[in-house]
file query-v6.pdb (PDB, C-alpha atoms)
MODEL        1
ATOM      1  CA  MET A  24      -0.518   9.417  12.250
ATOM      2  CA  SER A  25      -0.521  10.065  15.977
ATOM      3  CA  GLU A  26      -1.135  13.696  16.867
ATOM      4  CA  GLU A  27       1.697  13.611  19.439
ATOM      5  CA  ILE A  28       4.325  12.733  16.817
ATOM      6  CA  ARG A  29       5.762  15.436  14.591
ATOM      7  CA  ILE A  30       7.574  14.771  11.347
ATOM      8  CA  GLU A  31      10.394  17.201  10.544
ATOM      9  CA  VAL A  32      11.867  17.277   7.050
ATOM     10  CA  ALA A  33      14.662  18.869   5.049
ATOM     11  CA  GLY A  34      15.809  18.283   1.476
ATOM     12  CA  GLU A  35      18.189  19.636  -1.126
ATOM     13  CA  THR A  36      19.456  18.761  -4.596
ATOM     14  CA  ASN A  37      22.692  19.780  -6.274
ATOM     15  CA  VAL A  38      24.008  19.396  -9.820
ATOM     16  CA  GLY A  39      27.344  18.017  -8.563
ATOM     17  CA  ARG A  40      30.807  18.723  -9.995
ATOM     18  CA  LYS A  41      30.741  16.896 -13.339
ATOM     19  CA  ARG A  42      27.248  17.332 -14.813
ATOM     20  CA  ASN A  43      25.915  20.454 -16.509
ATOM     21  CA  HIS A  44      22.256  19.939 -15.596
ATOM     22  CA  ASN A  45      20.327  18.263 -12.795
ATOM     23  CA  GLU A  46      18.063  15.307 -13.612
ATOM     24  CA  ASP A  47      17.228  14.599  -9.946
ATOM     25  CA  ASN A  48      13.957  15.753  -8.390
ATOM     26  CA  PHE A  49      12.586  15.494  -4.864
ATOM     27  CA  ALA A  50       9.345  16.329  -3.080
ATOM     28  CA  LEU A  51       8.386  16.964   0.558
ATOM     29  CA  LEU A  52       4.603  16.488   0.460
ATOM     30  CA  SER A  53       3.918  16.786   4.176
ATOM     31  CA  LYS A  54       0.132  17.065   3.714
ATOM     32  CA  TYR A  55       0.138  13.451   2.505
ATOM     33  CA  HIS A  56       3.122  12.340   4.643
ATOM     34  CA  LEU A  57       4.819  11.509   1.338
ATOM     35  CA  TYR A  58       8.509  12.120   0.616
ATOM     36  CA  ILE A  59      10.182  11.239  -2.696
ATOM     37  CA  VAL A  60      13.597  11.263  -4.404
ATOM     38  CA  SER A  61      13.810  10.450  -8.129
ATOM     39  CA  ASP A  62      16.958  10.270 -10.260
ATOM     40  CA  GLY A  63      16.180  10.650 -13.960
ATOM     41  CA  MET A  64      18.094   9.248 -16.897
ATOM     42  CA  GLY A  65      17.915   9.666 -20.629
ATOM     43  CA  GLY A  66      19.844  12.837 -21.413
ATOM     44  CA  HIS A  67      18.636  15.867 -23.408
ATOM     45  CA  ALA A  68      16.685  16.893 -20.265
ATOM     46  CA  SER A  69      14.330  13.900 -20.657
ATOM     47  CA  GLY A  70      15.686  12.375 -17.436
ATOM     48  CA  GLU A  71      14.589  15.529 -15.676
ATOM     49  CA  VAL A  72      11.143  15.131 -17.270
ATOM     50  CA  ALA A  73      10.899  11.482 -16.149
ATOM     51  CA  SER A  74      11.910  12.189 -12.540
ATOM     52  CA  LYS A  75       9.385  15.042 -12.311
ATOM     53  CA  MET A  76       6.660  12.854 -13.874
ATOM     54  CA  SER A  77       7.253  10.119 -11.299
ATOM     55  CA  ILE A  78       6.713  12.573  -8.440
ATOM     56  CA  ASP A  79       3.657  14.191 -10.028
ATOM     57  CA  ALA A  80       1.980  10.865 -10.821
ATOM     58  CA  LEU A  81       2.510   9.366  -7.344
ATOM     59  CA  HIS A  82       1.406  12.583  -5.637
ATOM     60  CA  GLU A  83      -1.658  12.859  -7.864
ATOM     61  CA  PHE A  84      -2.777   9.272  -7.271
ATOM     62  CA  LEU A  85      -2.380   9.429  -3.471
ATOM     63  CA  SER A  86      -4.121  12.813  -3.417
ATOM     64  CA  GLU A  87      -7.072  11.664  -5.540
ATOM     65  CA  THR A  88      -7.571   8.387  -3.650
ATOM     66  CA  ALA A  89      -7.391  10.221  -0.301
ATOM     67  CA  ASP A  90     -10.202  12.540  -1.416
ATOM     68  CA  ASP A  91     -12.180   9.786  -3.162
ATOM     69  CA  PRO A  92     -11.566   6.305  -1.692
ATOM     70  CA  GLU A  93     -14.044   4.805  -4.191
ATOM     71  CA  ARG A  94     -11.990   5.935  -7.187
ATOM     72  CA  THR A  95     -11.234   3.090  -9.596
ATOM     73  CA  TRP A  96      -7.623   1.912  -9.480
ATOM     74  CA  PRO A  97      -5.710   1.083 -12.663
ATOM     75  CA  TYR A  98      -4.242  -2.089 -11.053
ATOM     76  CA  LYS A  99      -5.679  -4.913  -8.974
ATOM     77  CA  MET A 100      -4.855  -5.077  -5.303
ATOM     78  CA  ASP A 101      -2.279  -7.602  -4.074
ATOM     79  CA  ARG A 102      -4.287  -9.566  -1.495
ATOM     80  CA  SER A 103      -1.136 -10.348   0.495
ATOM     81  CA  LYS A 104      -0.692  -6.629   1.286
ATOM     82  CA  GLY A 105      -2.852  -4.108   3.119
ATOM     83  CA  TYR A 106      -4.836  -1.238   1.613
ATOM     84  CA  GLU A 107      -2.280   1.550   2.207
ATOM     85  CA  GLU A 108       0.656  -0.472   0.857
ATOM     86  CA  ASN A 109      -1.368  -1.388  -2.240
ATOM     87  CA  ARG A 110      -2.323   2.240  -2.726
ATOM     88  CA  PHE A 111       1.320   3.309  -2.487
ATOM     89  CA  ILE A 112       2.533   0.598  -4.913
ATOM     90  CA  THR A 113      -0.254   1.421  -7.378
ATOM     91  CA  GLY A 114       0.821   5.072  -7.441
ATOM     92  CA  ILE A 115       4.393   4.077  -8.331
ATOM     93  CA  LYS A 116       3.209   1.600 -10.990
ATOM     94  CA  LEU A 117       1.035   4.322 -12.490
ATOM     95  CA  ALA A 118       4.070   6.646 -12.590
ATOM     96  CA  ASN A 119       5.989   3.932 -14.446
ATOM     97  CA  LEU A 120       3.245   3.538 -17.058
ATOM     98  CA  ARG A 121       2.975   7.289 -17.630
ATOM     99  CA  ILE A 122       6.720   7.641 -18.215
ATOM    100  CA  TYR A 123       6.797   4.611 -20.528
ATOM    101  CA  GLN A 124       3.865   5.879 -22.590
ATOM    102  CA  ALA A 125       5.314   9.403 -22.830
ATOM    103  CA  ALA A 126       8.600   7.952 -24.102
ATOM    104  CA  GLN A 127       6.787   5.840 -26.710
ATOM    105  CA  MET A 128       4.830   8.839 -28.011
ATOM    106  CA  ASP A 129       7.763  11.261 -28.302
ATOM    107  CA  GLY A 130      10.856  10.053 -30.154
ATOM    108  CA  SER A 131      13.042  12.666 -28.453
ATOM    109  CA  LYS A 132      12.208  11.079 -25.082
ATOM    110  CA  ARG A 133      12.726   7.470 -26.149
ATOM    111  CA  GLY A 134      14.661   5.594 -23.472
ATOM    112  CA  MET A 135      13.954   8.056 -20.671
ATOM    113  CA  GLY A 136      13.416   6.670 -17.206
ATOM    114  CA  THR A 137      13.974   7.325 -13.543
ATOM    115  CA  THR A 138      14.705   5.637 -10.258
ATOM    116  CA  ILE A 139      12.405   6.364  -7.337
ATOM    117  CA  VAL A 140      12.664   5.966  -3.579
ATOM    118  CA  SER A 141       9.742   7.123  -1.499
ATOM    119  CA  LEU A 142       8.608   7.085   2.105
ATOM    120  CA  TYR A 143       4.891   7.154   2.869
ATOM    121  CA  ALA A 144       3.773   7.485   6.490
ATOM    122  CA  ALA A 145       0.326   5.945   7.036
ATOM    123  CA  ASP A 146      -1.639   5.414  10.250
ATOM    124  CA  ASP A 147      -0.161   1.968  10.861
ATOM    125  CA  GLY A 148       3.489   2.866  10.221
ATOM    126  CA  VAL A 149       5.849   3.725   7.393
ATOM    127  CA  TYR A 150       6.052   2.233   3.910
ATOM    128  CA  ILE A 151       9.227   2.549   1.854
ATOM    129  CA  GLY A 152       8.909   1.888  -1.876
ATOM    130  CA  HIS A 153      11.695   1.915  -4.417
ATOM    131  CA  VAL A 154      12.740   1.024  -7.940
ATOM    132  CA  GLY A 155      16.369   1.436  -9.051
ATOM    133  CA  ASP A 156      19.438   2.425  -7.047
ATOM    134  CA  SER A 157      18.228   5.446  -5.102
ATOM    135  CA  ARG A 158      18.292   4.443  -1.442
ATOM    136  CA  CYS A 159      16.583   4.720   1.918
ATOM    137  CA  TYR A 160      18.565   4.550   5.155
ATOM    138  CA  ARG A 161      17.405   4.733   8.760
ATOM    139  CA  PHE A 162      19.493   6.488  11.412
ATOM    140  CA  ARG A 163      18.544   5.142  14.838
ATOM    141  CA  ASN A 164      20.514   5.290  18.101
ATOM    142  CA  ASN A 165      23.486   6.834  16.252
ATOM    143  CA  LYS A 166      23.671   3.924  13.797
ATOM    144  CA  LEU A 167      22.963   4.019  10.058
ATOM    145  CA  GLU A 168      21.199   1.084   8.389
ATOM    146  CA  ALA A 169      20.343   0.637   4.709
ATOM    147  CA  LEU A 170      16.675  -0.316   4.265
ATOM    148  CA  THR A 171      16.698  -0.802   0.479
ATOM    149  CA  GLU A 172      18.688  -2.991  -1.882
ATOM    150  CA  ASP A 173      19.934  -1.481  -5.161
ATOM    151  CA  HIS A 174      18.391  -2.791  -8.369
ATOM    152  CA  SER A 175      21.776  -2.601 -10.076
ATOM    153  CA  LEU A 176      24.066  -4.845 -12.094
ATOM    154  CA  LEU A 177      26.746  -4.502  -9.415
ATOM    155  CA  ASN A 178      24.367  -5.639  -6.682
ATOM    156  CA  ASP A 179      23.266  -8.604  -8.814
ATOM    157  CA  TYR A 180      26.921  -9.630  -9.177
ATOM    158  CA  ILE A 181      27.520  -9.213  -5.446
ATOM    159  CA  LYS A 182      24.553 -11.499  -4.702
ATOM    160  CA  MET A 183      25.564 -14.103  -7.305
ATOM    161  CA  LYS A 184      29.190 -14.452  -6.296
ATOM    162  CA  ARG A 185      31.368 -13.050  -3.573
ATOM    163  CA  LEU A 186      33.305 -10.137  -5.043
ATOM    164  CA  THR A 187      36.330  -8.808  -3.226
ATOM    165  CA  GLN A 188      36.236  -5.183  -2.095
ATOM    166  CA  GLU A 189      38.785  -4.376  -4.802
ATOM    167  CA  GLU A 190      36.558  -5.978  -7.473
ATOM    168  CA  ILE A 191      33.567  -4.010  -6.188
ATOM    169  CA  ASP A 192      35.586  -0.753  -6.208
ATOM    170  CA  ASN A 193      36.771  -1.369  -9.784
ATOM    171  CA  PHE A 194      33.515  -2.770 -11.183
ATOM    172  CA  PRO A 195      33.239  -1.303 -14.711
ATOM    173  CA  HIS A 196      29.438  -0.985 -14.892
ATOM    174  CA  LYS A 197      28.605   0.601 -11.535
ATOM    175  CA  ASN A 198      26.006   2.912 -13.022
ATOM    176  CA  VAL A 199      23.994   0.184 -14.798
ATOM    177  CA  ILE A 200      20.600  -0.327 -13.171
ATOM    178  CA  VAL A 201      18.469  -3.377 -13.919
ATOM    179  CA  ARG A 202      15.120  -1.898 -12.871
ATOM    180  CA  ALA A 203      13.751   1.630 -13.293
ATOM    181  CA  LEU A 204      10.508   3.448 -13.998
ATOM    182  CA  GLY A 205       9.825   3.806 -17.739
ATOM    183  CA  MET A 206      11.860   0.808 -18.990
ATOM    184  CA  LYS A 207       8.749  -1.330 -19.671
ATOM    185  CA  ASP A 208       4.989  -0.868 -19.362
ATOM    186  CA  THR A 209       5.003  -2.791 -16.065
ATOM    187  CA  VAL A 210       7.410  -2.697 -13.132
ATOM    188  CA  LYS A 211       8.009  -4.562  -9.880
ATOM    189  CA  VAL A 212       8.056  -2.225  -6.881
ATOM    190  CA  ASP A 213       9.946  -3.309  -3.755
ATOM    191  CA  THR A 214       8.317  -2.201  -0.508
ATOM    192  CA  ARG A 215       9.229  -2.428   3.142
ATOM    193  CA  PHE A 216       7.229  -1.668   6.296
ATOM    194  CA  GLU A 217       8.804   0.043   9.312
ATOM    195  CA  MET A 218       7.537   1.151  12.704
ATOM    196  CA  PRO A 219       9.400   4.390  13.422
ATOM    197  CA  GLU A 220      10.515   5.296  16.930
ATOM    198  CA  VAL A 221      10.814   8.826  18.280
ATOM    199  CA  GLY A 222      14.226  10.134  17.205
ATOM    200  CA  ASP A 223      14.443   8.003  14.058
ATOM    201  CA  THR A 224      15.678   9.835  10.974
ATOM    202  CA  PHE A 225      15.169   8.386   7.501
ATOM    203  CA  LEU A 226      17.432   9.403   4.621
ATOM    204  CA  LEU A 227      16.250   9.212   1.011
ATOM    205  CA  CYS A 228      19.023   9.823  -1.520
ATOM    206  CA  SER A 229      20.059   9.429  -5.125
ATOM    207  CA  ASP A 230      23.154   7.409  -6.028
ATOM    208  CA  GLY A 231      24.970  10.724  -6.426
ATOM    209  CA  LEU A 232      25.229  10.663  -2.627
ATOM    210  CA  ALA A 233      25.319   6.939  -1.845
ATOM    211  CA  GLY A 234      27.952   6.288  -4.546
ATOM    212  CA  PRO A 235      30.651   8.884  -3.761
ATOM    213  CA  ALA A 236      30.017   9.059   0.021
ATOM    214  CA  SER A 237      30.518   5.860   2.017
ATOM    215  CA  ASP A 238      27.999   4.646   4.580
ATOM    216  CA  ASP A 239      30.572   5.443   7.286
ATOM    217  CA  GLU A 240      30.874   9.042   6.058
ATOM    218  CA  ILE A 241      27.089   9.420   5.937
ATOM    219  CA  GLU A 242      26.773   7.977   9.441
ATOM    220  CA  LYS A 243      29.434  10.317  10.842
ATOM    221  CA  ILE A 244      27.672  13.392   9.395
ATOM    222  CA  MET A 245      24.390  12.235  10.941
ATOM    223  CA  GLN A 246      26.137  11.756  14.285
ATOM    224  CA  THR A 247      27.771  15.194  14.287
ATOM    225  CA  SER A 248      25.043  17.494  12.924
ATOM    226  CA  ASN A 249      23.533  18.136  16.381
ATOM    227  CA  GLY A 250      20.074  17.165  15.174
ATOM    228  CA  ASP A 251      19.986  20.035  12.651
ATOM    229  CA  LEU A 252      18.409  18.451   9.563
ATOM    230  CA  LYS A 253      19.211  21.327   7.189
ATOM    231  CA  GLU A 254      22.849  21.309   8.281
ATOM    232  CA  ALA A 255      23.014  17.530   7.866
ATOM    233  CA  VAL A 256      21.558  17.691   4.339
ATOM    234  CA  ALA A 257      24.018  20.438   3.325
ATOM    235  CA  ARG A 258      26.956  18.472   4.755
ATOM    236  CA  LEU A 259      25.893  15.243   3.030
ATOM    237  CA  ILE A 260      25.792  17.004  -0.334
ATOM    238  CA  GLN A 261      29.104  18.707   0.386
ATOM    239  CA  GLN A 262      30.657  15.315   1.220
ATOM    240  CA  ALA A 263      29.556  13.856  -2.121
ATOM    241  CA  ASN A 264      31.005  16.881  -3.934
ATOM    242  CA  ASP A 265      34.228  16.762  -1.899
ATOM    243  CA  ASN A 266      34.541  13.124  -3.022
ATOM    244  CA  GLY A 267      34.426  14.184  -6.684
ATOM    245  CA  GLY A 268      30.731  14.996  -7.184
ATOM    246  CA  PRO A 269      30.486  12.776 -10.282
ATOM    247  CA  ASP A 270      26.689  12.904 -10.415
ATOM    248  CA  ASN A 271      23.683  14.981  -9.389
ATOM    249  CA  VAL A 272      23.204  14.571  -5.640
ATOM    250  CA  THR A 273      19.951  14.712  -3.687
ATOM    251  CA  ALA A 274      19.252  14.100  -0.007
ATOM    252  CA  VAL A 275      16.004  14.218   1.980
ATOM    253  CA  LEU A 276      15.883  13.696   5.755
ATOM    254  CA  ILE A 277      12.681  12.820   7.617
ATOM    255  CA  ARG A 278      12.725  12.734  11.434
ATOM    256  CA  TRP A 279      10.135  11.540  13.926
ATOM    257  CA  SER A 280       9.994  13.949  16.880
ATOM    258  CA  ALA A 281       7.873  13.944  20.027
TER     259      ALA A 281
ENDMDL
END
call {"tool": "encode", "arguments": {"input": "query-v6.pdb", "output": "structure tokens"}}
result
Amino acid sequence: MSEEIRIEVAGETNVGRKRNHNEDNFALLSKYHLYIVSDGMGGHASGEVASKMSIDALHEFLSETADDPERTWPYKMDRSKGYEENRFITGIKLANLRIYQAAQMDGSKRGMGTTIVSLYAADDGVYIGHVGDSRCYRFRNNKLEALTEDHSLLNDYIKMKRLTQEEIDNFPHKNVIVRALGMKDTVKVDTRFEMPEVGDTFLLCSDGLAGPASDDEIEKIMQTSNGDLKEAVARLIQQANDNGGPDNVTAVLIRWSA
């Protein structure tokens, strides 16, 4: 990371209007330039356990390999990707395995899992990794752009055949995700590389925000928050709750400043 560039962050999570406990977790690990949102599932508080485990495992792996680059990795490197991207992906795969094994060992946690979306800023740029339907957006020059694609049944249908907007709005299985941490002992992690510009703001969020609040609503809040990240986060969460708050809602903003 260049010494001239500062990274400013803000994050918040909220139970929403319909749920009685919060299974989302987030982390702002500025020491490692690592920012994470995880949305747990499984009920009986095991979703909360899974989302926390995903953060702890990824943090732990990046921390240990930063301090000891010779440490043995549990997975082989993908030769088509660089060292930092491999390191990032390995941390997420390790999180998946830990959650899966914990669920196998404890019957009360059987079926628990979590989505994850994470941003990792390395020396060469920014890596975004995700599994599930938690999202990353970039806000640049007053425009919002989605950088991730949901691993959801709805998105699979949209890609397979052209659904009308009405069909999308009324899709009966909107909350069904086709990939998550903890479902199997292995997982495919989607990654993306970005070169941030000064003024760029990245948004990591659970589907409790990206579902109820439209991209246009999110963009408008980003445009009218006068660069105040904490205000923007609070307004994003408020927007999701004003639109019914059907789920836990979590938002993390990360801005590159000169």
call {"tool": "resolve_selection", "arguments": {"input": "query-v6.pdb", "expression": "the PyMOL selection byres ((chain A and resi 107) around 10)", "output": "list in words"}}
result
Leu85, Lys104, Gly105, Tyr106, Glu108, Asn109, Arg110, Phe111, Ile112, Thr113, Tyr143, Ala144, Ala145, Asp146, Asp147, Gly148, Val149 and Tyr150 of chain A
call {"tool": "closest_residue", "arguments": {"input": "query-v6.pdb", "among": "A:Lys253, A:Lys166, A:Val221, A:Ala80", "to": "Asp239 (chain A)", "atoms": "only C-alpha atoms"}}
result
A:Lys166
call {"tool": "atom_distance", "arguments": {"input": "query-v6.pdb", "atom1": "CA of Ala281 (chain A)", "atom2": "CA of Pro219 (chain A)"}}
result
11.7 Å
call {"tool": "closest_residue", "arguments": {"input": "query-v6.pdb", "among": "A:Asp270, A:Asp251, A:Asp192, A:Asp91", "to": "Glu31 (chain A)", "atoms": "all atoms listed in the file"}}
result
A:Asp251
call {"tool": "closest_residue", "arguments": {"input": "query-v6.pdb", "among": "A:Ser229, A:Asn45, A:Ser280, A:Thr36", "to": "Ser61 (chain A)", "atoms": "only C-alpha atoms"}}
result
A:Ser229
call {"tool": "residues_around", "arguments": {"input": "query-v6.pdb", "residues": "Leu170 (chain A)", "least_positions_apart": "3", "cutoff": "8 Å", "atoms": "all atoms listed in the file", "output": "PDB file with C-alpha atoms, in the coordinates of the input"}}
result
ATOM      1  CA  ARG A 158      18.292   4.443  -1.442  1.00  0.00           C
ATOM      2  CA  CYS A 159      16.583   4.720   1.918  1.00  0.00           C
ATOM      3  CA  TYR A 160      18.565   4.550   5.155  1.00  0.00           C
ATOM      4  CA  ARG A 161      17.405   4.733   8.760  1.00  0.00           C
ATOM      5  CA  ARG A 215       9.229  -2.428   3.142  1.00  0.00           C
TER       6      ARG A 215
END
call {"tool": "resolve_selection", "arguments": {"input": "query-v6.pdb", "expression": "the PyMOL selection byres ((chain A and resi 236) around 12)", "output": "MDAnalysis selection string"}}
result
chainID A and resid 228:235 237:244 258:270 272 274
call {"tool": "closest_residue", "arguments": {"input": "query-v6.pdb", "among": "A:Asn119, A:Ser53, A:Asn249, A:Asn164", "to": "Ile78 (chain A)", "atoms": "all atoms listed in the file"}}
result
A:Asn119
call {"tool": "closest_residue", "arguments": {"input": "query-v6.pdb", "among": "A:Met218, A:Val201, A:Leu227, A:Ala126", "to": "Thr171 (chain A)", "atoms": "all atoms listed in the file"}}
result
A:Leu227
call {"tool": "atom_distance", "arguments": {"input": "query-v6.pdb", "atom1": "CA of Leu226 (chain A)", "atom2": "CA of Gly65 (chain A)"}}
result
25.3 Å
call {"tool": "closest_residue", "arguments": {"input": "query-v6.pdb", "among": "A:Leu120, A:Leu81, A:Ala73, A:Val256", "to": "Asp47 (chain A)", "atoms": "all atoms listed in the file"}}
result
A:Ala73
call {"tool": "atom_distance", "arguments": {"input": "query-v6.pdb", "atom1": "CA of Glu220 (chain A)", "atom2": "CA of Trp279 (chain A)"}}
result
6.9 Å
call {"tool": "resolve_selection", "arguments": {"input": "query-v6.pdb", "expression": "the PyMOL selection byres ((chain A and resi 51) around 12)", "output": "PyMOL selection string"}}
result
chain A and resi 30-35+48-50+52-60+78-79+82+141-143+227+274-277
call {"tool": "build_atoms", "arguments": {"input": "query-v6.pdb", "residues": "region 263-277 of chain A", "atoms": "N, CA and C atoms", "output": "PDB file, in the frame of the given file"}}
result
ATOM      1  N   ALA A 263      29.570  14.478  -0.788  1.00  0.00           N
ATOM      2  CA  ALA A 263      29.556  13.856  -2.121  1.00  0.00           C
ATOM      3  C   ALA A 263      30.375  14.687  -3.112  1.00  0.00           C
ATOM      4  N   ASN A 264      30.244  16.007  -3.032  1.00  0.00           N
ATOM      5  CA  ASN A 264      31.005  16.881  -3.934  1.00  0.00           C
ATOM      6  C   ASN A 264      32.491  16.887  -3.594  1.00  0.00           C
ATOM      7  N   ASP A 265      32.816  16.843  -2.300  1.00  0.00           N
ATOM      8  CA  ASP A 265      34.228  16.762  -1.899  1.00  0.00           C
ATOM      9  C   ASP A 265      34.866  15.469  -2.398  1.00  0.00           C
ATOM     10  N   ASN A 266      34.039  14.414  -2.541  1.00  0.00           N
ATOM     11  CA  ASN A 266      34.541  13.124  -3.022  1.00  0.00           C
ATOM     12  C   ASN A 266      34.471  13.014  -4.552  1.00  0.00           C
ATOM     13  N   GLY A 267      34.387  14.157  -5.221  1.00  0.00           N
ATOM     14  CA  GLY A 267      34.426  14.184  -6.684  1.00  0.00           C
ATOM     15  C   GLY A 267      33.155  14.672  -7.334  1.00  0.00           C
ATOM     16  N   GLY A 268      32.015  14.522  -6.631  1.00  0.00           N
ATOM     17  CA  GLY A 268      30.731  14.996  -7.184  1.00  0.00           C
ATOM     18  C   GLY A 268      30.471  14.548  -8.604  1.00  0.00           C
ATOM     19  N   PRO A 269      30.610  13.221  -8.899  1.00  0.00           N
ATOM     20  CA  PRO A 269      30.486  12.776 -10.282  1.00  0.00           C
ATOM     21  C   PRO A 269      29.073  12.812 -10.844  1.00  0.00           C
ATOM     22  N   ASP A 270      28.072  12.994  -9.971  1.00  0.00           N
ATOM     23  CA  ASP A 270      26.689  12.904 -10.415  1.00  0.00           C
ATOM     24  C   ASP A 270      25.861  13.953  -9.676  1.00  0.00           C
ATOM     25  N   ASN A 271      24.624  14.161 -10.152  1.00  0.00           N
ATOM     26  CA  ASN A 271      23.683  14.981  -9.389  1.00  0.00           C
ATOM     27  C   ASN A 271      23.503  14.324  -8.021  1.00  0.00           C
ATOM     28  N   VAL A 272      23.313  15.127  -6.994  1.00  0.00           N
ATOM     29  CA  VAL A 272      23.204  14.571  -5.640  1.00  0.00           C
ATOM     30  C   VAL A 272      21.996  15.173  -4.929  1.00  0.00           C
ATOM     31  N   THR A 273      21.175  14.302  -4.371  1.00  0.00           N
ATOM     32  CA  THR A 273      19.951  14.712  -3.687  1.00  0.00           C
ATOM     33  C   THR A 273      19.825  13.969  -2.375  1.00  0.00           C
ATOM     34  N   ALA A 274      19.457  14.699  -1.324  1.00  0.00           N
ATOM     35  CA  ALA A 274      19.252  14.100  -0.007  1.00  0.00           C
ATOM     36  C   ALA A 274      18.003  14.689   0.638  1.00  0.00           C
ATOM     37  N   VAL A 275      17.194  13.807   1.210  1.00  0.00           N
ATOM     38  CA  VAL A 275      16.004  14.218   1.980  1.00  0.00           C
ATOM     39  C   VAL A 275      16.077  13.495   3.325  1.00  0.00           C
ATOM     40  N   LEU A 276      15.901  14.266   4.406  1.00  0.00           N
ATOM     41  CA  LEU A 276      15.883  13.696   5.755  1.00  0.00           C
ATOM     42  C   LEU A 276      14.492  13.880   6.358  1.00  0.00           C
ATOM     43  N   ILE A 277      14.005  12.820   6.998  1.00  0.00           N
ATOM     44  CA  ILE A 277      12.681  12.820   7.617  1.00  0.00           C
ATOM     45  C   ILE A 277      12.841  12.303   9.033  1.00  0.00           C
TER      46      ILE A 277
END
